[in-house]
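Asks: This is upload39.cif (mmCIF, C-alpha atoms).
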data_entry
loop_
_atom_site.label_atom_id
_atom_site.label_comp_id
_atom_site.auth_asym_id
_atom_site.auth_seq_id
_atom_site.Cartn_x
_atom_site.Cartn_y
_atom_site.Cartn_z
CA MET A 12 0.00 0.00 0.00
CA THR A 13 1.24 3.51 -0.76
CA PHE A 14 0.12 7.09 -0.11
CA ALA A 15 -0.11 9.26 -3.22
CA LEU A 16 1.72 12.58 -3.05
CA ALA A 17 0.01 15.71 -4.27
CA ALA A 18 1.87 17.59 -6.98
CA SER A 19 3.67 20.64 -5.63
CA SER A 20 3.78 23.83 -7.61
CA SER A 21 6.16 26.73 -7.02
CA SER A 22 4.92 29.41 -9.42
CA ASP A 23 5.14 33.01 -8.13
CA ALA A 24 1.39 33.49 -7.98
CA SER A 25 0.76 30.24 -6.13
CA VAL A 26 3.54 30.95 -3.59
CA TRP A 27 2.18 34.40 -2.74
CA SER A 28 -1.38 33.12 -2.65
CA ASP A 29 -0.34 30.26 -0.32
CA LEU A 30 1.61 32.64 1.91
CA GLY A 31 -1.40 34.95 2.05
CA SER A 32 -3.58 32.02 3.10
CA VAL A 33 -1.12 31.06 5.87
CA VAL A 34 -1.13 34.65 7.18
CA VAL A 35 -4.93 35.02 7.09
CA TYR A 36 -5.76 31.56 8.52
CA GLY A 37 -2.98 31.83 11.10
CA LEU A 38 -4.17 35.25 12.31
CA ILE A 39 -7.85 34.28 12.46
CA ALA A 40 -7.29 30.91 14.13
CA GLY A 41 -4.53 32.02 16.53
CA ILE A 42 -6.28 35.16 17.80
CA GLY A 43 -9.71 33.53 17.60
CA ILE A 44 -8.82 30.61 19.83
CA ALA A 45 -7.26 32.91 22.46
CA VAL A 46 -10.32 35.21 22.45
CA LEU A 47 -12.82 32.34 22.62
CA PHE A 48 -10.93 30.58 25.40
CA SER A 49 -10.57 33.79 27.42
CA VAL A 50 -14.30 34.51 27.05
CA ALA A 51 -15.09 30.93 28.15
CA LEU A 52 -12.76 31.24 31.13
CA ARG A 53 -14.20 34.60 32.16
CA GLY A 54 -17.72 33.21 31.89
CA LEU A 55 -16.95 30.13 33.98
CA ILE A 56 -15.06 32.08 36.68
CA LEU A 57 -17.79 34.76 36.99
CA ALA A 58 -20.50 32.06 37.02
CA SER A 59 -18.72 30.33 39.89
CA THR A 60 -18.37 33.64 41.80
CA ALA A 61 -22.06 34.51 41.23
CA ARG A 62 -23.14 31.04 42.40
CA ARG A 63 -21.11 31.42 45.61
CA GLU A 64 -22.73 34.81 46.22
CA GLY A 65 -26.21 33.29 45.68
CA ASN A 66 -26.86 35.31 42.53
CA GLY A 67 -28.63 32.63 40.48
CA GLY A 68 -29.50 34.84 37.46
CA ALA A 69 -25.96 36.08 36.92
CA ALA A 70 -24.61 32.55 37.45
CA LEU A 71 -26.92 31.28 34.71
CA VAL A 72 -25.94 34.04 32.27
CA TRP A 73 -22.16 33.73 32.87
CA GLY A 74 -22.43 29.92 32.90
CA GLY A 75 -24.10 30.15 29.47
CA VAL A 76 -21.33 32.45 28.18
CA GLY A 77 -18.70 30.03 29.51
CA PHE A 78 -20.44 26.99 28.02
CA VAL A 79 -20.83 28.62 24.59
CA GLY A 80 -17.17 29.72 24.72
CA VAL A 81 -15.99 26.18 25.53
CA LEU A 82 -18.17 24.77 22.73
CA ALA A 83 -16.75 27.33 20.28
CA CYS A 84 -13.16 26.42 21.28
CA VAL A 85 -13.86 22.72 20.77
CA ALA A 86 -15.47 23.52 17.40
CA VAL A 87 -12.43 25.57 16.24
CA VAL A 88 -10.00 22.81 17.28
CA GLY A 89 -12.21 20.19 15.60
CA LEU A 90 -12.42 22.31 12.44
CA GLY A 91 -8.62 22.60 12.36
CA ILE A 92 -8.17 18.84 12.63
CA VAL A 93 -10.89 18.10 10.05
CA THR A 94 -9.34 20.60 7.62
CA MET A 95 -5.98 18.91 8.11
CA LEU A 96 -7.46 15.47 7.48
CA HIS A 97 -9.07 16.58 4.22
CA ARG A 98 -5.88 17.93 2.64
CA MET B 13 23.64 -5.94 -3.35
CA SER B 14 25.99 -3.03 -2.55
CA SER B 15 23.32 -0.65 -3.84
CA ASP B 16 20.81 -2.23 -1.42
CA LEU B 17 23.28 -1.74 1.45
CA LEU B 18 23.58 1.92 0.46
CA LEU B 19 19.79 2.30 0.40
CA TRP B 20 19.56 0.87 3.94
CA LEU B 21 22.36 3.20 5.07
CA VAL B 22 20.35 6.13 3.74
CA VAL B 23 17.10 4.90 5.34
CA GLY B 24 18.96 4.39 8.65
CA ALA B 25 20.43 7.93 8.44
CA ALA B 26 16.99 9.36 7.61
CA LEU B 27 15.42 7.66 10.63
CA LEU B 28 18.34 8.83 12.82
CA PHE B 29 17.69 12.36 11.57
CA ASP B 30 13.99 11.90 12.40
CA PHE B 31 14.97 10.79 15.91
CA THR B 32 17.19 13.88 16.39
CA ASN B 33 14.34 16.00 15.00
CA GLY B 34 12.08 14.53 17.72
CA PHE B 35 14.36 15.19 20.68
CA HIS B 36 15.64 18.49 19.28
CA ASP B 37 12.12 19.83 18.69
CA THR B 38 10.46 18.30 21.77
CA ALA B 39 11.17 21.65 23.35
CA ASN B 40 8.84 23.40 20.91
CA VAL B 41 5.94 21.30 22.03
CA VAL B 42 6.42 20.87 25.76
CA ALA B 43 8.64 23.68 27.08
CA THR B 44 5.84 26.15 27.76
CA SER B 45 3.62 23.49 29.39
CA ILE B 46 6.49 22.44 31.66
CA SER B 47 7.62 25.95 32.60
CA THR B 48 4.11 27.06 33.61
CA ARG B 49 3.57 23.72 35.43
CA ALA B 50 0.56 22.90 33.27
CA LEU B 51 1.90 19.35 33.03
CA PRO B 52 4.62 17.35 34.83
CA PRO B 53 7.72 17.03 32.56
CA ARG B 54 7.56 13.27 31.90
CA LEU B 55 3.81 13.30 31.23
CA ALA B 56 4.19 16.30 28.89
CA ILE B 57 6.90 14.50 26.90
CA ALA B 58 5.00 11.18 26.78
CA MET B 59 1.87 12.95 25.57
CA ALA B 60 3.85 14.84 22.93
CA ALA B 61 5.44 11.58 21.73
CA VAL B 62 2.06 9.87 21.28
CA LEU B 63 0.53 12.89 19.50
CA ASN B 64 3.61 13.26 17.27
CA PHE B 65 3.13 9.63 16.24
CA ILE B 66 -0.56 10.15 15.45
CA GLY B 67 0.09 13.49 13.70
CA ALA B 68 2.52 11.85 11.28
CA PHE B 69 -0.37 9.94 9.68
CA LEU B 70 -2.64 12.93 9.07
CA SER B 71 -1.26 14.62 5.95
CA LEU B 72 1.40 14.19 3.24
CA LYS B 73 1.47 17.64 1.67
CA VAL B 74 4.81 18.64 3.19
CA ALA B 75 6.35 15.31 2.15
CA ALA B 76 5.33 16.21 -1.40
CA THR B 77 7.23 19.51 -1.19
CA ILE B 78 10.40 17.88 0.17
CA ALA B 79 10.23 15.07 -2.36
CA SER B 80 9.54 17.09 -5.47
CA GLY B 81 9.61 20.84 -4.97
CA LEU B 82 13.23 21.76 -4.14
CA VAL B 83 15.73 19.70 -6.11
CA ASP B 84 15.75 17.89 -9.44
CA THR B 85 14.52 14.40 -8.49
CA ASN B 86 15.95 12.97 -11.73
CA ALA B 87 19.49 14.08 -10.77
CA ILE B 88 19.47 12.92 -7.15
CA THR B 89 21.51 9.90 -6.03
CA LEU B 90 21.63 7.95 -2.78
CA GLN B 91 25.09 9.40 -2.04
CA ILE B 92 23.62 12.93 -2.26
CA VAL B 93 20.71 12.06 0.04
CA PHE B 94 23.09 10.41 2.52
CA ALA B 95 25.48 13.40 2.55
CA GLY B 96 22.53 15.77 3.02
CA LEU B 97 21.32 13.77 6.01
CA VAL B 98 24.80 13.78 7.55
CA GLY B 99 24.85 17.59 7.28
CA ALA B 100 21.41 17.86 8.91
CA ILE B 101 22.16 15.42 11.74
CA LEU B 102 25.48 17.10 12.61
CA TRP B 103 23.90 20.58 12.68
CA ASN B 104 21.03 19.28 14.85
CA LEU B 105 23.48 17.72 17.32
CA LEU B 106 25.64 20.86 17.42
CA THR B 107 22.72 23.22 18.10
CA TRP B 108 21.26 20.77 20.65
CA TRP B 109 24.63 20.73 22.45
CA PHE B 110 24.51 24.53 22.76
CA GLY B 111 20.80 24.47 23.73
CA LEU B 112 19.80 26.47 20.63
CA PRO B 113 16.32 25.78 19.21
CA SER B 114 17.26 25.88 15.50
CA SER B 115 15.18 24.44 12.67
CA SER B 116 15.55 20.73 11.87
CA SER B 117 13.59 21.33 8.66
CA HIS B 118 16.07 23.91 7.42
CA ALA B 119 18.98 21.70 8.46
CA LEU B 120 17.55 18.92 6.32
CA ILE B 121 16.82 21.13 3.34
CA GLY B 122 20.23 22.86 3.66
CA GLY B 123 22.05 19.51 3.88
CA VAL B 124 20.37 18.08 0.78
CA VAL B 125 20.77 21.29 -1.24
CA GLY B 126 24.46 21.59 -0.23
CA ALA B 127 25.20 17.99 -1.23
CA MET B 128 23.27 18.50 -4.49
CA LEU B 129 25.28 21.65 -5.30
CA ALA B 130 28.56 19.79 -4.63
CA ALA B 131 27.51 16.80 -6.72
CA VAL B 132 25.65 18.26 -9.69
CA GLY B 133 25.84 22.05 -9.49
CA PRO B 134 23.29 24.87 -9.30
CA SER B 135 21.25 23.55 -12.24
CA ALA B 136 19.87 20.69 -10.08
CA VAL B 137 18.48 23.02 -7.42
CA ASP B 138 15.07 24.62 -7.94
CA GLY B 139 15.97 28.16 -6.83
CA GLU B 140 12.41 29.39 -7.25
CA GLY B 141 11.06 26.50 -5.18
CA LEU B 142 13.71 27.09 -2.52
CA LEU B 143 12.90 30.79 -2.31
CA GLY B 144 9.13 30.39 -2.39
CA LYS B 145 8.77 27.29 -0.22
CA VAL B 146 11.63 27.69 2.26
CA VAL B 147 13.19 31.16 2.45
CA LEU B 148 9.98 33.23 2.31
CA PRO B 149 8.06 31.07 4.80
CA ALA B 150 11.13 31.15 7.08
CA LEU B 151 10.97 34.95 7.11
CA VAL B 152 7.20 35.10 7.47
CA ALA B 153 6.66 32.30 10.04
CA PRO B 154 8.37 33.77 13.14
CA VAL B 155 7.05 37.28 12.41
CA LEU B 156 3.51 35.95 11.93
CA ALA B 157 3.66 33.82 15.11
CA PHE B 158 5.13 36.81 17.00
CA THR B 159 2.28 39.05 15.80
CA VAL B 160 -0.47 36.49 16.40
CA ALA B 161 0.77 35.62 19.92
CA GLY B 162 1.27 39.33 20.75
CA ILE B 163 -2.27 40.31 19.70
CA ALA B 164 -3.72 37.15 21.26
CA ILE B 165 -2.15 37.75 24.69
CA LEU B 166 -3.29 41.40 24.71
CA CYS B 167 -6.86 40.24 23.88
CA ALA B 168 -6.67 37.54 26.59
CA TYR B 169 -5.44 40.00 29.26
CA ARG B 170 -8.14 42.49 28.21
CA ILE B 171 -10.95 39.92 28.42
CA ILE B 172 -9.77 38.37 31.68
CA GLY B 173 -9.37 41.83 33.23
CA GLN B 174 -9.07 41.96 37.02
CA LEU B 175 -10.32 38.46 37.82
CA ARG B 176 -8.64 36.57 40.69
CA PRO B 177 -5.28 35.18 39.43
CA GLY B 178 -5.70 31.70 40.98
CA PRO B 179 -8.66 30.46 38.89
CA VAL B 180 -7.33 32.30 35.81
CA SER B 181 -3.97 30.50 36.02
CA ARG B 182 -5.66 27.14 36.62
CA GLY B 183 -7.94 27.77 33.62
CA PHE B 184 -5.10 28.70 31.27
CA ARG B 185 -3.06 25.71 32.50
CA ALA B 186 -6.00 23.45 31.59
CA GLY B 187 -6.15 25.22 28.22
CA GLN B 188 -2.43 24.57 27.77
CA VAL B 189 -3.06 20.82 27.91
CA ALA B 190 -5.32 21.25 24.86
CA SER B 191 -3.14 23.80 23.03
CA GLY B 192 0.01 21.75 23.74
CA SER B 193 -1.73 18.64 22.39
CA LEU B 194 -2.75 20.48 19.24
CA LEU B 195 0.82 21.74 18.83
CA ALA B 196 2.22 18.21 19.23
CA LEU B 197 -0.24 16.95 16.64
CA ALA B 198 0.71 19.77 14.28
CA HIS B 199 4.41 19.08 14.90
CA GLY B 200 4.00 15.40 14.01
CA THR B 201 1.99 16.32 10.92
CA ASN B 202 4.62 18.79 9.75
CA ASP B 203 7.97 17.29 10.79
CA ALA B 204 7.66 13.50 10.38
CA GLN B 205 6.72 14.15 6.77
CA LYS B 206 10.13 15.61 6.06
CA THR B 207 11.76 12.25 6.76
CA MET B 208 9.07 10.54 4.72
CA GLY B 209 9.91 12.91 1.86
CA ILE B 210 13.64 12.17 2.14
CA ILE B 211 13.17 8.38 2.23
CA THR B 212 10.84 8.75 -0.76
CA LEU B 213 13.62 10.66 -2.57
CA ALA B 214 16.03 7.82 -1.75
CA LEU B 215 13.58 5.21 -3.06
CA VAL B 216 13.19 7.26 -6.25
CA ALA B 217 16.99 7.50 -6.60
CA HIS B 218 17.29 3.72 -6.06
CA GLY B 219 14.65 3.05 -8.70
CA ASN B 220 12.01 1.61 -6.36
CA LEU B 221 9.61 4.46 -7.11
CA SER B 222 8.87 6.47 -10.23
CA ALA B 223 10.43 9.97 -10.30
CA ASP B 224 7.39 11.35 -12.15
CA ASP B 225 4.78 10.24 -9.63
CA PRO B 226 6.45 9.35 -6.31
CA THR B 227 4.30 7.79 -3.60
CA VAL B 228 5.10 7.22 0.08
CA PRO B 229 4.99 3.53 1.05
CA THR B 230 3.17 2.64 4.29
CA TRP B 231 6.32 1.27 5.96
CA VAL B 232 7.95 4.67 5.43
CA VAL B 233 5.03 6.46 7.13
CA ILE B 234 5.03 4.06 10.10
CA SER B 235 8.81 4.03 10.63
CA SER B 236 9.07 7.84 10.34
CA ALA B 237 6.21 8.31 12.82
CA ALA B 238 7.84 5.86 15.24
CA ALA B 239 11.30 7.48 14.97
CA ILE B 240 10.03 11.01 15.67
CA ALA B 241 7.87 9.74 18.56
CA LEU B 242 10.83 7.87 20.10
CA GLY B 243 13.03 10.95 19.70
CA THR B 244 10.35 13.11 21.30
CA TYR B 245 10.04 10.68 24.22
CA SER B 246 13.82 10.88 24.76
CA GLY B 247 13.41 14.60 25.44
CA GLY B 248 15.86 17.40 24.69
CA TRP B 249 16.29 19.03 28.09
CA ARG B 250 18.95 21.55 27.00
CA ILE B 251 16.56 23.20 24.52
CA ILE B 252 13.56 22.80 26.84
CA ARG B 253 15.43 24.96 29.38
CA THR B 254 16.13 27.65 26.75
CA MET B 255 12.58 27.69 25.40
CA GLY B 256 10.83 27.32 28.75
CA SER B 257 12.64 29.84 30.89
CA LYS B 258 15.62 31.53 29.23
CA ILE B 259 13.69 33.65 26.69
CA ILE B 260 10.94 34.89 29.02
CA LYS B 261 9.52 33.91 32.40
CA MET B 262 6.03 33.18 31.20
CA ASP B 263 2.70 32.91 32.96
CA ALA B 264 0.01 30.37 32.03
CA ALA B 265 -1.86 32.82 29.77
CA GLN B 266 1.34 33.54 27.80
CA GLY B 267 2.08 29.81 27.55
CA PHE B 268 -1.43 29.17 26.25
CA THR B 269 -1.33 31.94 23.63
CA ALA B 270 2.20 31.02 22.49
CA GLN B 271 1.17 27.38 22.00
CA GLY B 272 -2.23 28.23 20.49
CA SER B 273 -0.73 30.72 18.03
CA GLY B 274 2.04 28.28 17.12
CA ALA B 275 -0.43 25.47 16.48
CA ALA B 276 -2.67 27.78 14.40
CA VAL B 277 0.20 28.97 12.18
CA ILE B 278 1.66 25.46 11.73
CA LEU B 279 -1.74 23.99 10.86
CA ALA B 280 -2.37 26.83 8.39
CA ALA B 281 1.03 26.12 6.78
CA THR B 282 0.40 22.38 6.67
CA HIS B 283 -2.93 23.17 5.02
CA VAL B 284 -1.15 24.79 2.04
CA GLY B 285 1.91 22.46 2.06
CA PHE B 286 4.75 24.70 3.33
CA PRO B 287 7.64 22.87 5.05
CA LEU B 288 7.44 25.38 7.90
CA SER B 289 9.84 25.26 10.85
CA THR B 290 7.95 24.50 14.06
CA THR B 291 10.94 25.92 15.94
CA HIS B 292 10.69 29.31 14.24
CA VAL B 293 6.95 29.44 14.79
CA ILE B 294 6.83 28.54 18.46
CA SER B 295 9.92 30.65 19.26
CA GLY B 296 8.24 33.61 17.55
CA GLY B 297 5.10 32.88 19.58
CA VAL B 298 6.99 32.75 22.88
CA VAL B 299 8.84 36.02 22.17
CA GLY B 300 5.60 37.68 20.95
CA ALA B 301 3.67 36.66 24.07
CA GLY B 302 6.48 38.07 26.22
CA ALA B 303 7.13 41.28 24.28
CA ALA B 304 3.43 42.24 24.16
CA LYS B 305 3.31 42.27 27.96
CA ARG B 306 6.60 44.16 28.39
CA LEU B 307 9.46 44.53 25.88
CA SER B 308 12.07 44.26 28.63
CA ALA B 309 10.56 40.90 29.72
CA VAL B 310 12.28 39.26 26.73
CA LYS B 311 15.94 38.30 27.07
CA TRP B 312 16.91 39.71 23.69
CA GLY B 313 20.46 38.32 23.90
CA VAL B 314 19.10 34.75 23.96
CA ALA B 315 16.61 35.61 21.19
CA GLY B 316 19.50 37.11 19.16
CA ASN B 317 21.60 33.92 19.53
CA MET B 318 18.63 31.93 18.26
CA ALA B 319 18.20 34.25 15.28
CA VAL B 320 21.90 33.87 14.39
CA ALA B 321 21.54 30.06 14.57
CA TRP B 322 18.49 30.30 12.28
CA VAL B 323 20.36 32.35 9.68
CA LEU B 324 23.35 29.97 9.81
CA THR B 325 21.32 26.76 9.64
CA ILE B 326 20.86 26.38 5.88
CA PRO B 327 24.41 27.46 4.88
CA ALA B 328 26.09 25.48 7.70
CA ALA B 329 24.10 22.29 7.10
CA GLY B 330 24.62 22.84 3.36
CA LEU B 331 28.38 23.18 3.79
CA THR B 332 28.51 20.05 6.00
CA GLY B 333 26.41 18.16 3.44
CA ALA B 334 28.77 19.28 0.66
CA VAL B 335 31.86 18.25 2.67
CA ALA B 336 30.27 14.87 3.48
CA TYR B 337 29.57 14.39 -0.23
CA GLY B 338 33.17 15.40 -1.06
CA ILE B 339 34.60 12.85 1.41
CA SER B 340 32.21 10.18 0.17
CA SER B 341 33.16 10.92 -3.42
CA ALA B 342 36.91 10.98 -2.66
CA ALA B 343 36.57 7.59 -0.93
CA GLY B 344 35.41 6.08 -4.19
CA GLY B 345 31.69 6.93 -4.20
CA GLY B 346 29.26 4.04 -4.57
CA THR B 347 28.62 2.27 -1.29
CA ALA B 348 32.22 2.65 -0.05
CA GLY B 349 31.97 6.46 0.22
CA PRO B 350 29.04 6.61 2.65
CA VAL B 351 30.55 3.70 4.64
CA VAL B 352 33.79 5.71 5.03
CA VAL B 353 31.77 8.77 6.13
CA CYS B 354 29.97 6.58 8.72
CA LEU B 355 33.33 5.29 10.02
CA ILE B 356 34.73 8.84 10.29
CA LEU B 357 31.62 9.97 12.18
CA LEU B 358 31.76 6.96 14.53
CA ALA B 359 35.44 7.69 15.24
CA ALA B 360 34.61 11.36 15.90
CA VAL B 361 31.78 10.41 18.30
CA GLY B 362 34.12 7.95 20.09
CA LEU B 363 36.84 10.60 20.48
CA PHE B 364 34.30 13.14 21.72
CA ALA B 365 32.86 10.68 24.28
CA ARG B 366 36.40 9.84 25.43
CA SER B 367 37.28 13.53 25.82
CA ARG B 368 34.19 14.03 28.03
CA GLN B 369 35.34 11.34 30.52
CA ALA B 370 37.01 12.70 33.67
CA PRO B 371 40.83 12.24 33.49
CA PRO B 372 42.36 9.91 36.11
CA PRO B 373 43.96 11.61 39.15
CA ILE B 374 47.60 12.54 38.50
CA ALA B 375 48.88 10.41 41.42
CA GLN B 376 47.05 7.35 40.08
CA GLU B 377 48.40 8.01 36.61
CA ALA B 378 51.97 8.29 37.95
CA SER B 379 51.78 5.00 39.87
#
Please render this file's structure as structure tokens.

Replies:
Amino acid sequence: MTFALAASSSSDASVWSDLGSVVVYGLIAGIGIAVLFSVALRGLILASTARREGNGGAALVWGGVGFVGVLACVAVVGLGIVTMLHR
Amino acid sequence: MSSDLLLWLVVGAALLFDFTNGFHDTANVVATSISTRALPPRLAIAMAAVLNFIGAFLSLKVAATIASGLVDTNAITLQIVFAGLVGAILWNLLTWWFGLPSSSSHALIGGVVGAMLAAVGPSAVDGEGLLGKVVLPALVAPVLAFTVAGIAILCAYRIIGQLRPGPVSRGFRAGQVASGSLLALAHGTNDAQKTMGIITLALVAHGNLSADDPTVPTWVVISSAAAIALGTYSGGWRIIRTMGSKIIKMDAAQGFTAQGSGAAVILAATHVGFPLSTTHVISGGVVGAGAAKRLSAVKWGVAGNMAVAWVLTIPAAGLTGAVAYGISSAAGGGTAGPVVVCLILLAAVGLFARSRQAPPPIAQEAS
């Protein structure tokens, strides 16, 4: 059994286009994951504080923010792996 | 028969290079997790080894670049591949000895290009491919990772605000387990493929595979994945110390953003098939995460030494590859040349090991 290798091209246009893609995807994914994780962390920490203070409404809201943030992080990581698998 | 022996020498050298790549670049993956105490050292290294192994199976785009985008595959011989690997291994060992996180990818590319120049001349090197697929990404990668990590850490600090530091640190440490895992996966995806590409080149040169449509056999994928995982598990503590604490004293948030940014940039590069240096990326991320907080937090002297090693990598590995090819050629070429190079290297390693042993006390020597 063998794995077929994709042809590699090195024309000027393709190199600059590929570099542009690396810059755009790298910026979006790198900053995006840090922002999403920080939002999730902030949500979870504030939810825990609100729960300790007996503030059920705020705990629910911040818990929701934290949960959505965690889900978004998992989705971004999953998307990265799936994209990798399909190349 | 002698040609088969030469092929196995080349495959052995390629796997040895892969092993050095693993322990040399372990630092990229685990240093930040260890220095912020997100994971105990042994567990961090074991996890990185397993994920490097898995990552090696995920994509073959970088292997395609190494195998067909930089040198004329019709002109390459096993002696050239062997000499290139010798150049890369020696440069990796030298930089590891000095604790410098230089690029194994560039050492490999430099070694092969140097040996090719010595053997065939400039016509066999794809200058455009080298510029577009190696030099440009090498300039862009650390700057991009620096920028991404810098912006990311500022965003993270802004969002976290004045929350209590205890839970914040614990949270980012937990995040580092995930970002470190992703980085290890990305490292395996990117780096193990370089060895696969080199062994594929050797198989093409030996006539086992077609030069027009080279394919990577399964045994090459499995052995390359195993070699890099074993190397990673061996750990490269000298470079881990440099990466983890000598550039900046980082907190958990900086560790998370450096790893996350590194993984994002490496995955983006793997996506388009650039043989990007994980070392350049994660080093850029570490410096960016430190400099964004406070410029003086970065030990610029250490960062400068690393930059010098980066600039020297391709020419130095290239020169070593060319010298190895020259010795091999002077010793008669064929299989005899690489065997002579192996014997010279073994003798050099023996002498070095002997010189490192403590001398006997003078009184004992006199009696």

Asks: As an exercise, work out the distance from atom CA of B:Lys311 to atom CA of B:Ile259 in Å and give it to one decimal place.

Replies: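 So the two atoms, atom CA of B:Lys311 and atom CA of B:Ile259, lie 5.2 Å apart.
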
Asks: Name the residues that the PyMOL selection byres ((chain B) within 7 of (chain A)) picks from the file above, as a compact mmCIF listing (two decimals) with C-alpha atoms, keeping the file's coordinate frame, using the file's chain letters and numbers.

Replies:
# COMPACT_ATOMS: atom_id res chain seq x y z
CA LEU B 70 -2.64 12.93 9.07
CA SER B 71 -1.26 14.62 5.95
CA LEU B 72 1.40 14.19 3.24
CA LYS B 73 1.47 17.64 1.67
CA ALA B 76 5.33 16.21 -1.40
CA THR B 77 7.23 19.51 -1.19
CA SER B 80 9.54 17.09 -5.47
CA GLY B 81 9.61 20.84 -4.97
CA GLU B 140 12.41 29.39 -7.25
CA GLY B 141 11.06 26.50 -5.18
CA GLY B 144 9.13 30.39 -2.39
CA LEU B 156 3.51 35.95 11.93
CA VAL B 160 -0.47 36.49 16.40
CA ILE B 163 -2.27 40.31 19.70
CA ALA B 164 -3.72 37.15 21.26
CA CYS B 167 -6.86 40.24 23.88
CA ALA B 168 -6.67 37.54 26.59
CA ILE B 171 -10.95 39.92 28.42
CA ILE B 172 -9.77 38.37 31.68
CA PRO B 179 -8.66 30.46 38.89
CA GLY B 183 -7.94 27.77 33.62
CA PRO B 226 6.45 9.35 -6.31
CA THR B 227 4.30 7.79 -3.60
CA VAL B 228 5.10 7.22 0.08
CA PRO B 229 4.99 3.53 1.05
CA THR B 230 3.17 2.64 4.29
CA THR B 269 -1.33 31.94 23.63
CA GLY B 272 -2.23 28.23 20.49
CA SER B 273 -0.73 30.72 18.03
CA ALA B 276 -2.67 27.78 14.40
CA VAL B 277 0.20 28.97 12.18
CA ALA B 280 -2.37 26.83 8.39
CA ALA B 281 1.03 26.12 6.78
CA HIS B 283 -2.93 23.17 5.02
CA VAL B 284 -1.15 24.79 2.04

Asks: Apply the PyMOL selection byres ((chain B and resi 337) around 9) to the structure shown and report the selected residues as a ChimeraX atom specification.

Replies: /B:91-92,94-96,126-128,130-131,332-336,338-342,345,349-350,353

Asks: If you measure from atom CA of A:Ala69 to atom CA of A:Ala86, what distance in Å do you get, rounded to one decimal?

Replies: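 Atom CA of A:Ala86 lies 25.5 Å from atom CA of A:Ala69.
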
Asks: For the provided coordinates, the residues matched by the PyMOL selection byres ((chain B and resi 39-42) around 8) should be stated as a count of residues only.

Replies: 29

Asks: Can you tell me, as a count of residues only, what residues are no more than 8 Å from B:Val22 when counting all atoms listed in the file, ignoring any on the same chain fewer than 3 positions away?

Replies: 9

Asks: Mind giving me the straight-line distance from atom CA of B:Ala61 to atom CA of B:Leu242 in Å, one decimal?

Replies: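 According to the coordinates, atom CA of B:Ala61 and atom CA of B:Leu242 are separated by 6.7 Å.
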
Asks: Please determine, counting all atoms listed in the file, which residue among A:Leu90, A:Gly74, A:Gly31, A:Gly80 has the shortest atom-to-atom distance to A:Arg62.

Replies: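 Closest to A:Arg62 of all the choices is A:Gly74.
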
Asks: Step by step, gather every atom of stretch 83-96 of chain A that the file lists, find the box along x, y and z that holds them, add 4 Å on each side, and finally give centre and edge lengths in Å to one decimal, as lines of an AutoDock Vina configuration file.

Replies:
center_x = -11.4
center_y = 21.4
center_z = 14.4
size_x = 18.8
size_y = 19.9
size_z = 21.8

Asks: Determine, counting all atoms listed in the file, which protein, DNA and RNA residues have an atom within 9 Å of an atom of B:Leu120; residues of the same chain fewer than 3 positions away are not included. Present the result as a list in words.

Replies: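 So, after excluding close chain neighbours, the residues are Phe29, Gly96, Leu97, Val98, Gly99, Ala100, Ile101, Ser115, Ser116, Ser117, Gly123, Val124, Val125, Lys206, Thr207, Ile210, Ile326, Ala329 and Gly330 of chain B.
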
Asks: Using all atoms listed in the file, determine which residues lie at most 10 Å from B:Val323, disregarding the query and same-chain residues fewer than 6 positions distant; provide the list as a ChimeraX atom specification.

Replies: /B:114-115,118,150
